[in-house]
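K.L.:
Data file structure_5.cif (mmCIF, C-alpha atoms) is appended below.
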data_data
loop_
_atom_site.label_atom_id
_atom_site.label_comp_id
_atom_site.auth_asym_id
_atom_site.auth_seq_id
_atom_site.Cartn_x
_atom_site.Cartn_y
_atom_site.Cartn_z
CA MET A 1 94.60 123.60 60.13
CA SER A 2 96.10 124.12 63.59
CA LYS A 3 99.89 123.85 63.83
CA LEU A 4 99.37 122.37 67.30
CA ASN A 5 98.16 119.17 65.61
CA MET A 6 101.07 118.98 63.18
CA ALA A 7 104.66 117.76 63.18
CA TYR A 8 107.56 117.81 60.74
CA CYS A 9 107.92 114.63 58.65
CA ASN A 10 111.41 113.88 57.33
CA GLU A 11 110.02 111.72 54.52
CA CYS A 12 107.48 114.26 53.35
CA GLU A 13 109.81 117.17 54.15
CA ASP A 14 106.88 119.18 55.38
CA LEU A 15 104.59 119.85 58.32
CA VAL A 16 101.97 117.09 58.38
CA GLU A 17 99.05 115.91 60.43
CA PHE A 18 99.70 112.80 62.50
CA ASP A 19 97.90 109.99 64.30
CA LEU A 20 98.79 108.78 67.80
CA LYS A 21 98.30 105.05 68.37
CA ASP A 22 99.44 102.58 71.02
CA GLU A 23 102.07 100.26 69.56
CA LEU A 24 104.40 97.58 70.86
CA VAL A 25 107.80 98.85 69.75
CA ALA A 26 110.42 96.16 69.04
CA GLU A 27 114.03 97.30 68.88
CA SER A 28 117.60 96.29 69.56
CA TYR A 29 119.29 98.40 72.25
CA LYS A 30 122.90 97.89 73.33
CA GLY A 31 122.79 94.51 71.59
CA THR A 32 119.66 93.39 73.45
CA LYS A 33 116.28 92.83 71.80
CA ILE A 34 113.60 94.73 73.69
CA GLU A 35 109.88 95.44 73.41
CA TYR A 36 107.91 98.21 75.07
CA PRO A 37 104.49 99.84 74.67
CA PHE A 38 104.49 103.41 73.42
CA LYS A 39 102.00 105.85 71.92
CA VAL A 40 103.63 106.30 68.50
CA ALA A 41 102.97 109.33 66.30
CA ARG A 42 102.79 108.61 62.55
CA CYS A 43 102.41 110.88 59.57
CA LYS A 44 98.94 110.61 58.02
CA CYS A 45 100.46 110.79 54.54
CA CYS A 46 103.34 108.29 54.57
CA HIS A 47 102.94 106.67 58.02
CA SER A 48 106.52 107.47 59.01
CA GLU A 49 107.12 108.16 62.67
CA VAL A 50 107.21 111.84 63.64
CA ALA A 51 107.94 113.70 66.87
CA ALA A 52 104.52 114.69 68.17
CA SER A 53 105.87 117.06 70.84
CA ILE A 54 109.04 118.62 72.18
CA ASP A 55 109.32 115.80 74.73
CA TYR A 56 108.41 112.98 72.33
CA ASN A 57 111.92 111.67 71.68
CA TYR A 58 112.88 112.05 75.36
CA GLU A 59 109.82 110.09 76.47
CA LYS A 60 110.50 107.35 73.93
CA SER A 61 114.13 107.15 75.02
CA ALA A 62 113.03 106.83 78.65
CA ALA A 63 110.62 104.02 77.72
CA ARG A 64 113.40 102.30 75.75
CA ILE A 65 115.80 102.48 78.71
CA ARG A 66 113.14 101.14 81.11
CA ALA A 67 112.57 98.19 78.78
CA TYR A 68 116.30 97.54 78.53
CA LYS A 69 116.71 97.62 82.30
CA LYS A 70 113.83 95.20 82.72
CA ALA A 71 115.28 92.83 80.10
CA GLN A 72 118.67 92.92 81.82
CA GLY A 73 117.25 92.68 85.34
CA ILE A 74 118.68 96.10 86.21
CA ILE A 75 117.09 98.14 88.98
CA ASP A 76 114.91 101.01 87.76
CA LEU A 77 114.43 104.51 89.16
CA ASP A 78 111.14 103.60 90.84
CA GLU A 79 112.97 100.97 92.87
CA ILE A 80 115.79 103.38 93.72
CA ASN A 81 113.15 105.88 94.86
CA GLU A 82 111.67 103.11 96.99
CA ILE A 83 115.03 102.54 98.71
CA ILE A 84 115.42 106.26 99.38
CA ASP A 85 111.92 106.51 100.84
CA LYS A 86 112.18 103.28 102.78
CA TYR A 87 115.31 104.32 104.65
CA ASP A 88 114.73 108.10 104.55
CA ALA A 89 118.14 108.44 102.92
CA GLY A 90 119.27 111.02 100.37
CA LYS A 91 120.88 110.06 97.07
CA GLU A 92 124.39 110.83 98.28
CA SER A 93 123.85 108.99 101.57
CA LEU A 94 122.54 105.93 99.74
CA ALA A 95 125.57 105.93 97.45
CA VAL A 96 127.94 106.06 100.42
CA ILE A 97 126.08 103.29 102.30
CA ALA A 98 126.09 101.11 99.17
CA GLY A 99 129.84 101.57 98.82
CA PHE A 100 129.63 103.67 95.64
CA GLY A 101 131.06 107.05 94.78
CA LYS A 102 129.05 109.93 96.26
CA VAL A 103 127.55 111.06 92.93
CA THR A 104 126.74 107.59 91.59
CA ILE A 105 123.04 107.57 92.50
CA LYS A 106 122.58 111.13 91.19
CA ARG A 107 124.05 110.01 87.84
CA TYR A 108 121.38 107.31 87.55
CA TYR A 109 118.75 110.05 87.64
CA GLU A 110 120.60 111.78 84.80
CA GLY A 111 120.29 108.73 82.55
CA VAL A 112 123.34 106.62 83.39
CA ILE A 113 122.43 102.92 83.51
CA PRO A 114 123.74 100.98 86.55
CA THR A 115 126.05 98.04 85.98
CA ILE A 116 124.72 94.62 86.90
CA ASN A 117 126.91 94.51 90.03
CA TYR A 118 125.78 97.93 91.24
CA SER A 119 122.18 97.09 90.41
CA ASN A 120 122.35 93.86 92.40
CA ARG A 121 123.86 95.73 95.33
CA LEU A 122 120.97 98.21 95.38
CA LYS A 123 118.40 95.43 95.11
CA GLU A 124 120.04 93.76 98.10
CA LEU A 125 119.66 96.93 100.16
CA LEU A 126 116.02 97.26 99.06
CA VAL A 127 114.94 93.86 100.37
CA ASP A 128 117.32 93.29 103.29
CA GLU A 129 117.04 95.76 106.18
CA ASN A 130 119.77 93.96 108.13
CA GLU A 131 122.26 94.36 105.28
CA PHE A 132 121.34 98.02 104.95
CA LYS A 133 121.86 98.50 108.70
CA ARG A 134 125.23 96.72 108.60
CA SER A 135 126.40 98.87 105.69
CA PHE A 136 125.03 102.02 107.31
CA GLU A 137 126.94 101.36 110.55
CA LYS A 138 130.10 100.56 108.59
CA ASN A 139 129.95 103.91 106.76
CA ILE A 140 128.32 106.05 109.45
CA ASP A 141 131.40 108.25 109.89
CA LYS A 142 131.10 109.31 106.23
CA LEU A 143 127.57 110.71 106.69
CA ASN A 144 126.47 114.03 108.13
CA ASP A 145 124.66 114.17 111.47
CA VAL A 146 121.25 114.98 109.98
CA SER A 147 121.36 111.98 107.63
CA VAL A 148 122.50 109.72 110.45
CA ARG A 149 119.61 110.74 112.71
CA LYS A 150 117.02 110.34 109.96
CA ILE A 151 118.25 106.91 108.91
CA GLN A 152 118.57 105.69 112.51
CA LYS A 153 114.97 106.72 113.18
CA ARG A 154 113.77 104.96 110.04
CA LEU A 155 115.66 101.76 110.87
CA GLU A 156 114.03 101.80 114.30
CA ASP A 157 110.60 102.20 112.68
CA LEU A 158 111.30 99.37 110.23
CA ASN A 159 112.42 97.10 113.06
CA ASN A 160 109.21 97.77 114.99
CA ILE A 161 106.98 97.26 111.96
CA GLY A 162 108.80 94.05 111.13
CA LYS A 163 107.70 92.62 114.49
CA SER A 164 104.05 93.69 114.30
CA LYS A 165 101.47 92.39 111.86
CA ILE A 166 98.93 95.10 112.66
CA ASP A 167 101.57 97.79 112.09
CA GLN A 168 102.36 96.26 108.70
CA ILE A 169 98.67 96.32 107.77
CA ALA A 170 98.28 99.91 109.00
CA ASN A 171 101.35 101.06 107.08
CA TYR A 172 100.11 99.32 103.92
CA ILE A 173 96.71 101.04 104.15
CA ILE A 174 98.36 104.42 104.78
CA ILE A 175 100.62 104.25 101.73
CA GLN A 176 97.92 102.86 99.44
CA LEU A 177 95.33 105.49 100.32
CA GLU A 178 97.86 108.33 100.78
CA GLU A 179 95.36 110.36 102.83
CA VAL A 180 93.85 108.48 105.76
CA THR A 181 93.04 109.84 109.23
CA PRO A 182 93.41 107.82 112.47
CA LEU A 183 89.60 107.53 112.68
CA ALA A 184 89.38 106.08 109.17
CA LEU A 185 92.38 103.80 109.69
CA GLU A 186 90.82 102.16 112.76
CA LYS A 187 87.65 101.34 110.84
CA LEU A 188 89.53 100.06 107.78
CA LEU A 189 91.55 97.73 110.00
CA ALA A 190 88.38 96.23 111.48
CA PHE A 191 86.74 95.98 108.06
CA SER A 192 89.89 94.21 106.79
CA GLU A 193 89.55 91.72 109.63
CA GLY A 194 85.94 91.04 108.68
CA VAL A 195 86.54 90.83 104.92
CA ASN A 196 89.45 88.45 105.49
CA TYR A 197 87.10 86.16 107.42
CA ALA A 198 84.61 86.29 104.53
CA LEU A 199 87.27 85.85 101.86
CA ASN A 200 89.84 83.55 103.47
CA GLY A 201 88.10 82.15 106.56
CA THR A 202 90.93 83.06 108.93
CA ARG A 203 91.80 85.73 111.48
CA LEU A 204 93.94 88.54 110.08
CA ILE A 205 94.81 90.75 113.06
CA PRO A 206 96.01 89.18 116.34
CA ASP A 207 95.44 92.38 118.38
CA VAL A 208 92.20 93.03 120.27
CA CYS A 209 89.62 95.41 118.87
CA GLN A 210 87.36 97.44 121.16
CA ALA A 211 83.92 99.05 120.82
CA TRP A 212 84.75 102.72 121.36
CA GLN A 213 82.39 105.66 121.05
CA HIS A 214 83.32 106.34 117.40
CA GLY A 215 83.38 102.72 116.27
CA TYR A 216 85.95 99.97 116.12
CA VAL A 217 89.34 100.80 117.64
CA TYR A 218 92.58 98.86 118.05
CA PRO A 219 94.17 100.50 121.14
CA THR A 220 97.76 99.83 120.03
CA VAL A 221 97.19 101.57 116.71
CA TYR A 222 95.23 104.40 118.36
CA ALA A 223 98.16 105.12 120.68
CA LYS A 224 100.58 105.23 117.76
CA TYR A 225 98.60 107.63 115.55
CA LYS A 226 96.44 109.69 117.94
CA LYS A 227 98.83 112.66 117.62
CA TYR A 228 97.46 113.25 114.10
CA GLY A 229 93.98 113.99 115.42
CA PHE A 230 91.69 114.63 112.45
CA LYS A 231 94.59 115.15 110.02
CA PRO A 232 95.84 112.54 107.52
CA ILE A 233 98.68 110.32 108.71
CA ASP A 234 101.84 111.26 106.85
CA ASN A 235 104.47 108.84 108.16
CA GLY A 236 103.78 105.83 105.94
CA ILE A 237 106.86 104.02 104.64
CA ARG A 238 106.45 103.48 100.89
CA SER A 239 107.93 100.08 100.26
CA LYS A 240 106.60 96.61 99.53
CA HIS A 241 109.86 94.80 100.23
CA GLY A 242 111.48 93.27 103.28
CA ALA A 243 109.98 93.60 106.75
CA LEU A 244 107.11 95.87 105.72
CA LEU A 245 104.97 92.97 104.45
CA SER A 246 106.81 90.03 105.99
CA LYS A 247 103.87 88.80 108.09
CA LEU A 248 101.19 89.10 105.36
CA SER A 249 100.27 86.46 102.81
CA ASN A 250 99.07 87.25 99.29
CA ASP A 251 95.57 86.11 100.25
CA GLU A 252 95.55 88.52 103.18
CA LEU A 253 96.81 91.36 100.99
CA ASN A 254 93.97 90.62 98.56
CA ALA A 255 91.48 91.04 101.41
CA ILE A 256 93.07 94.33 102.50
CA ASP A 257 93.10 95.59 98.89
CA LEU A 258 89.42 94.73 98.65
CA VAL A 259 88.73 96.95 101.68
CA ILE A 260 90.92 99.77 100.33
CA ASN A 261 89.10 99.72 96.97
CA THR A 262 85.63 99.79 98.57
CA PHE A 263 85.40 101.08 102.15
CA GLY A 264 88.57 103.11 101.54
CA LEU A 265 86.73 105.41 99.13
CA TYR A 266 84.56 106.92 101.87
CA SER A 267 85.02 109.67 104.45
CA PRO A 268 85.97 108.92 108.07
CA LYS A 269 82.49 109.93 109.23
CA THR A 270 80.83 107.55 106.79
CA LEU A 271 83.12 104.73 107.92
CA GLU A 272 82.18 105.52 111.52
CA LEU A 273 78.48 105.26 110.69
CA ILE A 274 79.05 101.96 108.88
CA SER A 275 80.84 100.57 111.94
CA HIS A 276 77.94 101.75 114.15
CA SER A 277 75.53 99.75 112.00
CA GLN A 278 77.36 96.45 112.50
CA THR A 279 76.25 93.87 115.07
CA PRO A 280 79.73 93.12 116.49
CA TRP A 281 80.08 96.78 117.55
CA LYS A 282 76.47 97.33 118.63
CA GLU A 283 76.30 94.28 120.89
CA LYS A 284 79.34 95.49 122.82
CA ARG A 285 77.75 98.92 123.33
CA ILE A 286 74.63 97.60 125.04
CA GLY A 287 74.09 99.60 128.23
CA CYS A 288 76.32 102.44 127.01
CA ASN A 289 75.06 105.89 126.10
CA LYS A 290 76.06 107.40 122.76
CA ASN A 291 78.99 109.37 124.19
CA ASP A 292 80.11 106.86 126.82
CA SER A 293 83.66 105.57 126.70
CA CYS A 294 83.93 101.80 126.46
CA THR A 295 86.71 99.23 126.31
CA ASN A 296 84.58 96.13 125.67
CA VAL A 297 86.44 93.78 123.33
CA ILE A 298 84.83 92.94 120.00
CA ASP A 299 83.92 89.25 119.75
CA GLU A 300 85.91 87.75 116.87
CA GLU A 301 83.32 85.01 116.36
CA SER A 302 80.62 87.66 116.02
CA LEU A 303 82.73 89.67 113.57
CA MET A 304 83.41 86.61 111.45
CA GLN A 305 79.74 85.60 111.44
CA PHE A 306 78.60 89.09 110.44
CA TYR A 307 80.88 89.29 107.39
CA VAL A 308 80.28 85.68 106.34
CA ASP A 309 76.50 86.00 106.69
CA ASN A 310 76.53 89.20 104.63
CA ASN A 311 78.77 87.64 101.96
CA LEU A 312 81.21 90.56 102.10
CA ASN A 313 83.83 88.81 99.99
CA SER A 314 83.75 90.67 96.65
CA GLU A 315 83.90 94.26 95.45
CA GLU A 316 80.40 94.07 94.04
CA ARG A 317 78.85 92.73 97.26
CA ILE A 318 80.74 95.14 99.51
CA ASN A 319 79.74 98.14 97.38
CA ALA A 320 76.10 97.03 97.46
CA TYR A 321 76.32 96.65 101.25
CA ILE A 322 77.86 100.12 101.67
CA SER A 323 75.14 101.63 99.47
CA ARG A 324 72.45 100.10 101.67
CA ILE A 325 74.02 101.48 104.84
CA ILE A 326 74.51 104.96 103.37
CA SER A 327 70.93 104.97 102.16
CA TYR A 328 69.75 104.07 105.66
CA TYR A 329 71.81 106.83 107.24
CA ARG A 330 71.26 109.40 104.52
CA LYS A 331 69.57 111.91 106.83
CA ALA A 332 72.42 111.63 109.30
CA LEU A 333 75.01 112.20 106.58
CA ILE A 334 73.42 115.40 105.26
#
Using structure tokens, write down the structure that the file contains.
P.N.:
Amino acid sequence: MSKLNMAYCNECEDLVEFDLKDELVAESYKGTKIEYPFKVARCKCCHSEVAASIDYNYEKSAARIRAYKKAQGIIDLDEINEIIDKYDAGKESLAVIAGFGKVTIKRYYEGVIPTINYSNRLKELLVDENEFKRSFEKNIDKLNDVSVRKIQKRLEDLNNIGKSKIDQIANYIIIQLEEVTPLALEKLLAFSEGVNYALNGTRLIPDVCQAWQHGYVYPTVYAKYKKYGFKPIDNGIRSKHGALLSKLSNDELNAIDLVINTFGLYSPKTLELISHSQTPWKEKRIGCNKNDSCTNVIDEESLMQFYVDNNLNSEERINAYISRIISYYRKALI
């Protein structure tokens, strides 16, 4: 019997085999009743709980604290990480901007639970860029020059994204896919436009799309990300709060998610070939040679009609459509 599959049982006072099963643990913590899912280890002999690994009790404690925070409405570490990433601020800088002691945020990562007032303050900074900017400017003399420059640049980026729907969509795609090149991003934007027509019947992106040599292109987005060339874009802002999604409805996000979960699984070259197969792009390339540059604007009515006629409004239908196109171009993809 392998000791790797055994744990010490206090009831049996011996090393025992154990089972791991998903359970909904119900407890009282700090006077609050909480419930949380956890993979509980139980002795096969007496069914008492045992520590299945060195980290078992730590992991259960972390799950317990997360459940307590949720029950109390207290901000969790994922949300604090989101604030730090959103504003490109370090833990100490965030603490200073929030009006806390310099080590306060660091202590939260060591297990200290924020008070309700401190939690509410951090949640305010997460969702309200204007409040963050006001607090940043109030405490700017307490921050080092590097932190100031980084936060100022991020606030400028957030302000620009907050004004532009296409930038919000682009940023959302970048952070969801994690690795997306400018070539792929351009195609995914156009596919999102088409799928939104098929799913919601409305226009998603107000900017013009053009029929360039390598497929659909939105010139404003191309100009912003062309410096990445064939490399993945790495400047996405990982937050779903405040200005970053302010111009997008839930229905529109559903359409974009549908594109991410289907078209988003394929390589930039495959996405280019898919765009080359679509009527809205092809009709604007009439008279152009393969390598000719072109700035003809894609007809929105044509784009809508193509996606509606092909019923590209569900994951199943989109995947079937992609499979047909890839099959057609198989020789070109090899």
K.L.:
Go ahead and compute the interatomic distance for CA of Asp299 in chain A and CA of Leu244 in chain A, in Å to one decimal.
P.N.:
27.9 Å
K.L.:
Counting all atoms listed in the file, figure out which residue out of A:Ile205, A:Ile298, A:Ala67, A:Val195 gets nearest to Val25 in chain A.
P.N.:
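Selected residue with least distance to Val25 in chain A: A:Ala67.
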K.L.:
Expanded to explicit residues, what is the PyMOL selection byres ((chain A and resi 168) around 12) for this file, as number ranges by chain?
P.N.:
A: 157-167, 169-175, 189, 204-205, 221, 236-249, 252-253, 256
K.L.:
Which residue out of A:Arg317, A:Arg149, A:His276, A:Lys187 has the minimum interatomic distance to Ala89 in chain A when only C-alpha atoms are used?
P.N.:
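Closest to Ala89 in chain A, using only C-alpha atoms: A:Arg149.
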K.L.:
Check the smallest atom-to-atom distance from each of A:Cys12, A:Ala184, A:Ile97, A:Ile34 to Ser48 in chain A using only C-alpha atoms, then report the winner.
P.N.:
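Among A:Cys12, A:Ala184, A:Ile97, A:Ile34, it is A:Cys12 that comes nearest to Ser48 in chain A.
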K.L.:
Using all atoms listed in the file, collect all residues at a distance of at most 12 Å from (117.6, 101.0, 115.8) as written in the file, then present them as number ranges by chain.
P.N.:
A: 87, 129-130, 132-134, 136-137, 148-161
K.L.:
Give me the residues within 7 Å of range 287-296 of chain A as a PyMOL selection string, counting all atoms listed in the file and dropping any in the same chain fewer than 6 places off.
P.N.:
chain A and resi 210-213
K.L.:
What gap, in Å, lies between CA of Ser275 in chain A and CA of Asn250 in chain A?
P.N.:
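For CA of Ser275 in chain A relative to CA of Asn250 in chain A, the distance reads 25.9 Å.
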K.L.:
Using only C-alpha atoms, which of A:Tyr329, A:Ile286, A:Ala223, A:Ser302 sits nearest Ile274 in chain A?
P.N.:
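Closest to Ile274 in chain A, using only C-alpha atoms: A:Tyr329.
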K.L.:
Do you know which residues lie at most 9 Å from (109.6, 106.5, 72.1), with coordinates as in the file and all atoms listed in the file counted, and could you write them as a PDB file with C-alpha atoms, in the coordinates of the input?
P.N.:
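In the end it all went to out-v3.pdb:
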ATOM      1  CA  VAL A  25     107.800  98.850  69.750  1.00  0.00           C
ATOM      2  CA  TYR A  36     107.910  98.210  75.070  1.00  0.00           C
ATOM      3  CA  PRO A  37     104.490  99.840  74.670  1.00  0.00           C
ATOM      4  CA  PHE A  38     104.490 103.410  73.420  1.00  0.00           C
ATOM      5  CA  LYS A  39     102.000 105.850  71.920  1.00  0.00           C
ATOM      6  CA  VAL A  40     103.630 106.300  68.500  1.00  0.00           C
ATOM      7  CA  TYR A  56     108.410 112.980  72.330  1.00  0.00           C
ATOM      8  CA  ASN A  57     111.920 111.670  71.680  1.00  0.00           C
ATOM      9  CA  TYR A  58     112.880 112.050  75.360  1.00  0.00           C
ATOM     10  CA  GLU A  59     109.820 110.090  76.470  1.00  0.00           C
ATOM     11  CA  LYS A  60     110.500 107.350  73.930  1.00  0.00           C
ATOM     12  CA  SER A  61     114.130 107.150  75.020  1.00  0.00           C
ATOM     13  CA  ALA A  62     113.030 106.830  78.650  1.00  0.00           C
ATOM     14  CA  ALA A  63     110.620 104.020  77.720  1.00  0.00           C
ATOM     15  CA  ARG A  64     113.400 102.300  75.750  1.00  0.00           C
TER      16      ARG A  64
END
K.L.:
Running the PyMOL selection byres ((chain A and resi 227-233) around 9) on this model by hand, what would come out? Give it as a PyMOL selection string.
P.N.:
chain A and resi 174+178-183+223-226+234-236
K.L.:
Excluding Gly99 in chain A and residues on its chain fewer than 6 positions from it, collect all residues at most 12 Å away from it, counting only C-alpha atoms, and give them as an MDAnalysis selection string.
P.N.:
chainID A and resid 92:93 105 117:118 121:122 125 132 134:136 138:140 142
